[in-house]
Amino acid sequence: LDKIGSDRKAEAFELLQKMAKTDKNSHVRGAALTALASDFFRGEYAETTRVLLTHAIEKDSSYHVISRALNGLTKGNEADLQNALKLAKTLETERSSALKAQIIGIYKNHGDESHLEFMANAITSGDISGYDAIGGLLNFTAAVKAQEIKVQEQYLPVFEQLSNNGGAYINMVLPMSVLNLKRGADETVSSLKNELKTLEEEGKSGEATVVQGKLNAAENYTGQLGKLLQKVEHFF
């Protein structure tokens with residue numbers, strides 16, 4: 001859009017705005033909001049786009065449209081992102097698989113440890129299903145992997161539960177998820193071993209003791225992941 005003239009850009013904006021507001025097809029409204037967030041959420045069009053996205057989140061009757069608008073709002077400035085996170089919190093109890101999966105994706109990209117509990121519950125409760133469950137689990141795995149080993153270990157029971165009753169769609173990606181966690185944990189173990197060796201060589205016994213504790217925990221965690229991987233690898 002940056003390559004076309006201002007008149008054409010204004011024309012495109014007006015058309016997308018009309019589609020987002022009035023089209024009877026929810027997928028058209030959602031696509032229009034996605035395009036607005038991607039191409040017009042800046043400069044002279046930012047405020048109008050912000051209003052359109054927020055209105056859709058709060059008033060549209062379609063979960064598909066709400067999902068698209070919520071994701072679109074994350075593409076604005078920092079205040080928009082924080083508003084999107086607040087709005088996502090209010091929507092956590094909505095009974096929509098697609099919306100919950102979208103919220104998980106937003107939390108994975110922009111959230112923190114405090115959002116992991118919602119993500120875990122949405123997946124293990126069956127609130128998200130089908131292909132939404134696939135994306136939800138992959139995003140949850142990435143969010144867990146980004147945490148310290150201590151936090152990761154707290155959510156290991158989620159993956160263990162899914163290994164027993166996750167269902168066909170979960171089973172498609174559960175081995176990949178566990179393997180991803182194990183690779184991350186193995187890297188942490190390797191890094192801690194190198195750090196421990198350096199500290200011991202430098203005679204820093206106090207710091208070495210702390211690192212040794214972290215190493216023990218990481219090795220225990222990767223061992224548990226190894227056992228779980230053996231259990232789920234036949235799901236491939």
# chains A, B, ... in the order shown; residues from 1 in each chain; ligands from 1

$ closest_atom_pairs --of "segment 64-141 of chain A" --to "segment 176-195 of chain A" --cutoff "12 Å" --atoms "only C-alpha atoms" --output "JSON lines"
{"residue": "A:Ile134", "atom": "CA", "partner": "A:Ser177", "partner_atom": "CA", "distance": 10.2}
{"residue": "A:Gly135", "atom": "CA", "partner": "A:Ser177", "partner_atom": "CA", "distance": 11.0}
{"residue": "A:Gly136", "atom": "CA", "partner": "A:Ser177", "partner_atom": "CA", "distance": 11.1}
{"residue": "A:Leu137", "atom": "CA", "partner": "A:Ser177", "partner_atom": "CA", "distance": 7.6}
{"residue": "A:Leu138", "atom": "CA", "partner": "A:Ser177", "partner_atom": "CA", "distance": 6.4}
{"residue": "A:Asn139", "atom": "CA", "partner": "A:Ser177", "partner_atom": "CA", "distance": 9.4}
{"residue": "A:Phe140", "atom": "CA", "partner": "A:Ser177", "partner_atom": "CA", "distance": 9.1}
{"residue": "A:Thr141", "atom": "CA", "partner": "A:Ser177", "partner_atom": "CA", "distance": 6.0}

$ write_last_selection --atoms "N, CA, C and O atoms" --output "mmCIF file, in the first residue's frame"
data_model
loop_
_atom_site.group_PDB
_atom_site.id
_atom_site.type_symbol
_atom_site.label_atom_id
_atom_site.label_comp_id
_atom_site.auth_asym_id
_atom_site.auth_seq_id
_atom_site.Cartn_x
_atom_site.Cartn_y
_atom_site.Cartn_z
ATOM 1 N N ILE A 134 -4.384 -28.162 17.918
ATOM 2 C CA ILE A 134 -3.010 -28.301 17.418
ATOM 3 C C ILE A 134 -2.243 -26.998 17.607
ATOM 4 O O ILE A 134 -1.154 -26.969 18.187
ATOM 5 N N GLY A 135 -2.817 -25.910 17.127
ATOM 6 C CA GLY A 135 -2.151 -24.612 17.283
ATOM 7 C C GLY A 135 -2.017 -24.211 18.732
ATOM 8 O O GLY A 135 -0.996 -23.652 19.147
ATOM 9 N N GLY A 136 -3.057 -24.511 19.525
ATOM 10 C CA GLY A 136 -3.015 -24.167 20.941
ATOM 11 C C GLY A 136 -1.890 -24.869 21.668
ATOM 12 O O GLY A 136 -1.164 -24.258 22.458
ATOM 13 N N LEU A 137 -1.725 -26.167 21.402
ATOM 14 C CA LEU A 137 -0.669 -26.916 22.084
ATOM 15 C C LEU A 137 0.714 -26.447 21.648
ATOM 16 O O LEU A 137 1.619 -26.303 22.486
ATOM 17 N N LEU A 138 0.893 -26.192 20.371
ATOM 18 C CA LEU A 138 2.202 -25.727 19.893
ATOM 19 C C LEU A 138 2.560 -24.374 20.504
ATOM 20 O O LEU A 138 3.709 -24.144 20.894
ATOM 21 N N ASN A 139 1.579 -23.485 20.598
ATOM 22 C CA ASN A 139 1.833 -22.173 21.199
ATOM 23 C C ASN A 139 2.078 -22.288 22.700
ATOM 24 O O ASN A 139 2.949 -21.607 23.251
ATOM 25 N N PHE A 140 1.327 -23.146 23.360
ATOM 26 C CA PHE A 140 1.533 -23.367 24.796
ATOM 27 C C PHE A 140 2.923 -23.933 25.042
ATOM 28 O O PHE A 140 3.627 -23.501 25.969
ATOM 29 N N THR A 141 3.336 -24.880 24.215
ATOM 30 C CA THR A 141 4.668 -25.476 24.357
ATOM 31 C C THR A 141 5.752 -24.415 24.230
ATOM 32 O O THR A 141 6.708 -24.380 25.025
#

$ residues_around --residues "segment 11-18 of chain A" --least-positions-apart "3" --cutoff "12 Å" --atoms "only C-alpha atoms" --output "JSON, numbers by chain"
{"A": [1, 2, 4, 5, 6, 7, 8, 21, 22, 23, 24, 28, 29, 30, 31, 32, 33, 34, 35, 36, 37, 38, 39, 40, 41, 44, 45, 46, 48, 49, 50, 51, 52, 53, 56]}

$ atom_distance --atom1 "atom CA of Phe235 of chain A" --atom2 "atom CA of Gln161 of chain A"
14.5 Å

$ closest_residue --among "A:Thr93, A:Ser26, A:Asn83, A:Gln154" --to "Thr54 of chain A" --atoms "only C-alpha atoms"
A:Asn83

$ atom_distance --atom1 "atom CA of Thr74 of chain A" --atom2 "atom CA of Arg42 of chain A"
12.6 Å

$ residues_around --residues "Ile104 of chain A" --least-positions-apart "3" --cutoff "12 Å" --atoms "only C-alpha atoms" --output "CSV table (one decimal) with C-alpha atoms, in the first residue's frame"
chain,number,residue,atom,x,y,z
A,67,SER,CA,-10.5,-13.2,17.2
A,70,LEU,CA,-8.2,-9.0,19.0
A,71,ASN,CA,-5.1,-10.2,17.1
A,85,LEU,CA,-4.1,-8.3,26.7
A,88,ALA,CA,-8.2,-11.0,26.0
A,89,LYS,CA,-8.5,-11.6,29.8
A,91,LEU,CA,-12.8,-13.1,26.9
A,92,GLU,CA,-11.1,-16.1,28.5
A,97,SER,CA,-12.6,-22.9,20.5
A,98,ALA,CA,-11.2,-20.5,17.9
A,99,LEU,CA,-11.2,-17.6,20.2
A,100,LYS,CA,-9.5,-19.4,23.0
A,101,ALA,CA,-6.9,-20.6,20.5
A,107,TYR,CA,-0.3,-14.9,25.2
A,108,LYS,CA,2.4,-16.9,23.6
A,109,ASN,CA,3.6,-13.9,21.7
A,110,HIS,CA,3.0,-11.1,24.2
A,111,GLY,CA,2.1,-12.7,27.6
A,112,ASP,CA,4.2,-14.0,30.5
A,115,HIS,CA,-0.9,-16.6,31.4
A,116,LEU,CA,0.3,-20.2,31.4
A,117,GLU,CA,-2.5,-21.4,33.7
A,118,PHE,CA,-5.3,-20.3,31.3
A,119,MET,CA,-3.4,-21.8,28.4
A,120,ALA,CA,-3.0,-25.2,30.2
A,121,ASN,CA,-6.7,-25.3,31.3
A,122,ALA,CA,-8.0,-24.4,27.9
A,123,ILE,CA,-6.1,-27.4,26.4
A,127,ASP,CA,-12.4,-26.2,25.5
A,128,ILE,CA,-10.3,-26.0,22.3
A,132,ASP,CA,-7.5,-25.2,17.2
A,133,ALA,CA,-6.0,-27.7,19.6
A,134,ILE,CA,-3.0,-28.3,17.4
A,135,GLY,CA,-2.2,-24.6,17.3
A,136,GLY,CA,-3.0,-24.2,20.9
A,137,LEU,CA,-0.7,-26.9,22.1
A,138,LEU,CA,2.2,-25.7,19.9
A,139,ASN,CA,1.8,-22.2,21.2
A,140,PHE,CA,1.5,-23.4,24.8
A,141,THR,CA,4.7,-25.5,24.4
A,142,ALA,CA,6.6,-22.5,23.0
A,143,ALA,CA,5.4,-20.4,26.0
A,144,VAL,CA,6.4,-23.0,28.5

$ atom_distance --atom1 "atom CA of Val211 of chain A" --atom2 "atom CA of Lys197 of chain A"
9.9 Å

$ residues_around --residues "Glu153 of chain A" --least-positions-apart "3" --cutoff "12 Å" --atoms "only C-alpha atoms" --output "VMD selection string"
chain A and resid 144 to 145 147 to 150 156 to 160 181 to 182 185 217 to 225

$ select_by_dssp --residues "segment 50-193 of chain A" --states "helix (DSSP H, G or I)" --output "PyMOL selection string"
chain A and resi 50-59+63-73+78-90+97-110+113-124+130-145+149-154+156-165+168-193

$ decode --residues "segment 187-229 of chain A" --atoms "N, CA and C atoms" --output "short mmCIF file (atom, residue, chain, number, x, y, z; two decimals), in the first residue's frame"
data_model
loop_
_atom_site.label_atom_id
_atom_site.label_comp_id
_atom_site.auth_asym_id
_atom_site.auth_seq_id
_atom_site.Cartn_x
_atom_site.Cartn_y
_atom_site.Cartn_z
N GLU A 187 19.75 -28.19 26.12
CA GLU A 187 20.61 -27.03 25.89
C GLU A 187 20.90 -26.32 27.21
N THR A 188 19.90 -26.26 28.08
CA THR A 188 20.10 -25.64 29.39
C THR A 188 21.09 -26.44 30.21
N VAL A 189 20.97 -27.76 30.18
CA VAL A 189 21.92 -28.63 30.90
C VAL A 189 23.34 -28.38 30.41
N SER A 190 23.52 -28.35 29.11
CA SER A 190 24.84 -28.12 28.53
C SER A 190 25.41 -26.77 28.95
N SER A 191 24.57 -25.75 28.91
CA SER A 191 25.01 -24.41 29.29
C SER A 191 25.40 -24.35 30.76
N LEU A 192 24.61 -25.00 31.61
CA LEU A 192 24.91 -24.99 33.05
C LEU A 192 26.18 -25.76 33.36
N LYS A 193 26.43 -26.84 32.63
CA LYS A 193 27.67 -27.60 32.83
C LYS A 193 28.89 -26.73 32.51
N ASN A 194 28.81 -26.00 31.43
CA ASN A 194 29.91 -25.11 31.05
C ASN A 194 30.11 -24.01 32.10
N GLU A 195 28.99 -23.46 32.58
CA GLU A 195 29.07 -22.41 33.59
C GLU A 195 29.67 -22.96 34.88
N LEU A 196 29.25 -24.16 35.26
CA LEU A 196 29.77 -24.78 36.48
C LEU A 196 31.27 -25.02 36.38
N LYS A 197 31.70 -25.51 35.24
CA LYS A 197 33.12 -25.79 35.04
C LYS A 197 33.94 -24.51 35.17
N THR A 198 33.46 -23.43 34.59
CA THR A 198 34.17 -22.16 34.66
C THR A 198 34.26 -21.66 36.10
N LEU A 199 33.16 -21.75 36.83
CA LEU A 199 33.14 -21.28 38.21
C LEU A 199 34.07 -22.11 39.09
N GLU A 200 34.11 -23.41 38.88
CA GLU A 200 35.00 -24.27 39.67
C GLU A 200 36.46 -23.97 39.37
N GLU A 201 36.74 -23.71 38.09
CA GLU A 201 38.11 -23.38 37.72
C GLU A 201 38.55 -22.05 38.33
N GLU A 202 37.60 -21.14 38.52
CA GLU A 202 37.90 -19.83 39.08
C GLU A 202 37.84 -19.83 40.60
N GLY A 203 37.50 -20.99 41.17
CA GLY A 203 37.45 -21.11 42.62
C GLY A 203 36.27 -20.43 43.28
N LYS A 204 35.22 -20.19 42.53
CA LYS A 204 34.03 -19.52 43.07
C LYS A 204 33.06 -20.59 43.57
N SER A 205 33.35 -21.14 44.71
CA SER A 205 32.61 -22.29 45.22
C SER A 205 31.15 -21.97 45.55
N GLY A 206 30.92 -20.78 46.09
CA GLY A 206 29.55 -20.40 46.44
C GLY A 206 28.65 -20.35 45.23
N GLU A 207 29.11 -19.67 44.19
CA GLU A 207 28.34 -19.56 42.96
C GLU A 207 28.21 -20.92 42.28
N ALA A 208 29.27 -21.71 42.39
CA ALA A 208 29.25 -23.04 41.78
C ALA A 208 28.19 -23.93 42.43
N THR A 209 28.00 -23.77 43.73
CA THR A 209 26.99 -24.56 44.45
C THR A 209 25.58 -24.23 43.94
N VAL A 210 25.35 -22.95 43.71
CA VAL A 210 24.04 -22.52 43.19
C VAL A 210 23.80 -23.10 41.81
N VAL A 211 24.81 -23.02 40.96
CA VAL A 211 24.67 -23.54 39.60
C VAL A 211 24.50 -25.05 39.61
N GLN A 212 25.20 -25.72 40.53
CA GLN A 212 25.07 -27.18 40.64
C GLN A 212 23.62 -27.56 40.96
N GLY A 213 22.98 -26.77 41.82
CA GLY A 213 21.58 -27.02 42.14
C GLY A 213 20.68 -26.87 40.93
N LYS A 214 20.94 -25.83 40.13
CA LYS A 214 20.17 -25.62 38.91
C LYS A 214 20.40 -26.75 37.91
N LEU A 215 21.65 -27.21 37.85
CA LEU A 215 22.00 -28.29 36.94
C LEU A 215 21.29 -29.59 37.34
N ASN A 216 21.27 -29.87 38.62
CA ASN A 216 20.59 -31.08 39.09
C ASN A 216 19.11 -31.05 38.71
N ALA A 217 18.50 -29.89 38.89
CA ALA A 217 17.08 -29.75 38.57
C ALA A 217 16.84 -29.91 37.07
N ALA A 218 17.72 -29.32 36.28
CA ALA A 218 17.58 -29.40 34.82
C ALA A 218 17.77 -30.82 34.32
N GLU A 219 18.73 -31.54 34.90
CA GLU A 219 18.97 -32.93 34.51
C GLU A 219 17.79 -33.82 34.89
N ASN A 220 17.21 -33.54 36.05
CA ASN A 220 16.04 -34.31 36.48
C ASN A 220 14.86 -34.06 35.52
N TYR A 221 14.69 -32.80 35.14
CA TYR A 221 13.60 -32.43 34.23
C TYR A 221 13.77 -33.06 32.86
N THR A 222 14.96 -32.99 32.32
CA THR A 222 15.18 -33.57 30.98
C THR A 222 15.03 -35.09 31.02
N GLY A 223 15.35 -35.69 32.18
CA GLY A 223 15.13 -37.12 32.33
C GLY A 223 13.64 -37.47 32.27
N GLN A 224 12.83 -36.66 32.95
CA GLN A 224 11.38 -36.87 32.92
C GLN A 224 10.82 -36.69 31.51
N LEU A 225 11.35 -35.70 30.82
CA LEU A 225 10.92 -35.48 29.44
C LEU A 225 11.31 -36.65 28.54
N GLY A 226 12.48 -37.20 28.80
CA GLY A 226 12.92 -38.36 28.02
C GLY A 226 11.98 -39.54 28.18
N LYS A 227 11.53 -39.78 29.40
CA LYS A 227 10.60 -40.88 29.65
C LYS A 227 9.26 -40.61 28.96
N LEU A 228 8.81 -39.36 29.03
CA LEU A 228 7.54 -39.02 28.39
C LEU A 228 7.65 -39.13 26.87
N LEU A 229 8.80 -38.76 26.34
CA LEU A 229 9.01 -38.86 24.90
C LEU A 229 8.94 -40.30 24.43
#
